[in-house]
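For reference, the structure discussed in these notes is given below.
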Amino acid sequence: RRDKPKARTKTTLESAPLMTAADERIVNRLECMAMGESIEDSDGNADEKRIEVDVREALRALNLPVSASGARNALIRVGRWTDGPSTSTGKKSVIEPWPANALDAASSLAKYERQRKNRLTELCNKAKQVKHNSHD
């Protein structure tokens, strides 16, 4: 006997066993927040800003604060974080957020890489322009 396929329902952070790519990006940002990174630390591109808005909206839709504790609670609800004992001995696992200096270093590196990428793009565009103009 074959079971009928279930009708696909709208995917939400709270109910979906399978998440869309957009949901996974939101969950990834929630994981970063839960480990201590703040939304305000991000100075990325437009796509990153849209994800930040989605993260805020997801937390507010779940009636959770836009904070590390809110992110952890959201992750607990979707089964991507544990709250309580995680070992067979009953010891509570301790997860320490990333130290501020590590987050600052990562942010600085990301900013440097974006600037380097932009500079290389400018150089390539100028080289193409020079090549194009020399053929005229």
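So you can find residues: chains in the structure tokens are A, B, ... in the order shown, residues in each start at 1, and ligands are numbered from 1 in order.
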What are the closest atom pairs, with distances in Å to one decimal, for all residues of segment 17-86 of chain A lying within 7 Å of segment 98-121 of chain A? Consider only C-alpha atoms, order rows by chain and residue number, and present the result as JSON lines.
{"residue": "A:Met35", "atom": "CA", "partner": "A:Trp98", "partner_atom": "CA", "distance": 5.9}
{"residue": "A:Gly36", "atom": "CA", "partner": "A:Trp98", "partner_atom": "CA", "distance": 5.9}
{"residue": "A:Glu37", "atom": "CA", "partner": "A:Leu103", "partner_atom": "CA", "distance": 6.8}
**OP:** Just the residues within 12 Å of segment 27-32 of chain A, please, counting only C-alpha atoms, with nothing from its chain fewer than 2 positions along; format it as a ChimeraX atom specification.
**Re:** /A:12-14,19-25,34-39,41-42,48-59,64-82,95,97-98,103
Residues as selected, C-alpha atoms, written as a CSV table (one decimal), in the first residue's frame, can you do that?
chain,number,residue,atom,x,y,z
A,12,THR,CA,8.0,28.2,9.3
A,13,LEU,CA,10.8,28.3,11.7
A,14,GLU,CA,8.7,26.7,14.4
A,19,MET,CA,13.9,24.1,6.2
A,20,THR,CA,14.3,26.2,3.1
A,21,ALA,CA,17.6,27.8,2.2
A,22,ALA,CA,16.2,31.1,3.6
A,23,ASP,CA,15.3,29.4,6.8
A,24,GLU,CA,18.8,27.9,7.1
A,25,ARG,CA,20.3,31.4,6.6
A,34,ALA,CA,23.3,32.8,20.4
A,35,MET,CA,27.1,32.6,20.6
A,36,GLY,CA,27.4,36.3,21.3
A,37,GLU,CA,27.5,38.2,18.0
A,38,SER,CA,25.1,41.1,17.8
A,39,ILE,CA,23.1,42.1,14.7
A,41,ASP,CA,28.1,44.1,14.5
A,42,SER,CA,27.2,43.4,10.9
A,48,GLU,CA,23.2,40.4,4.9
A,49,LYS,CA,21.0,43.4,5.9
A,50,ARG,CA,17.9,41.6,4.6
A,51,ILE,CA,18.8,38.5,6.6
A,52,GLU,CA,19.2,40.7,9.7
A,53,VAL,CA,15.7,42.1,9.2
A,54,ASP,CA,14.4,38.5,8.8
A,55,VAL,CA,16.1,37.4,12.0
A,56,ARG,CA,14.5,40.3,13.9
A,57,GLU,CA,11.1,39.5,12.4
A,58,ALA,CA,11.4,35.8,13.3
A,59,LEU,CA,12.3,36.6,16.9
A,64,LEU,CA,11.3,36.6,21.9
A,65,PRO,CA,13.8,39.4,22.5
A,66,VAL,CA,16.3,40.4,19.8
A,67,SER,CA,19.2,39.1,21.9
A,68,ALA,CA,21.5,36.1,22.5
A,69,SER,CA,18.9,34.6,24.9
A,70,GLY,CA,16.1,35.1,22.4
A,71,ALA,CA,18.2,33.5,19.6
A,72,ARG,CA,18.9,30.5,21.9
A,73,ASN,CA,15.2,30.1,22.7
A,74,ALA,CA,14.3,30.3,19.0
A,75,LEU,CA,16.9,27.6,18.2
A,76,ILE,CA,15.6,25.4,21.1
A,77,ARG,CA,12.1,25.7,19.6
A,78,VAL,CA,13.3,24.5,16.2
A,79,GLY,CA,15.5,21.7,17.6
A,80,ARG,CA,18.8,23.3,16.8
A,81,TRP,CA,19.9,24.0,20.3
A,82,THR,CA,19.6,22.1,23.6
A,95,ILE,CA,28.6,26.8,25.9
A,97,PRO,CA,29.9,32.8,23.7
A,98,TRP,CA,32.7,33.9,21.4
A,103,LEU,CA,34.2,38.7,17.2
Subject >> Straight-line distance linking atom CA of Ile26 of chain A with atom CA of Leu62 of chain A, stated in Å to one decimal >> reply: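 We find that atom CA of Ile26 of chain A and atom CA of Leu62 of chain A lie 13.5 Å from each other.
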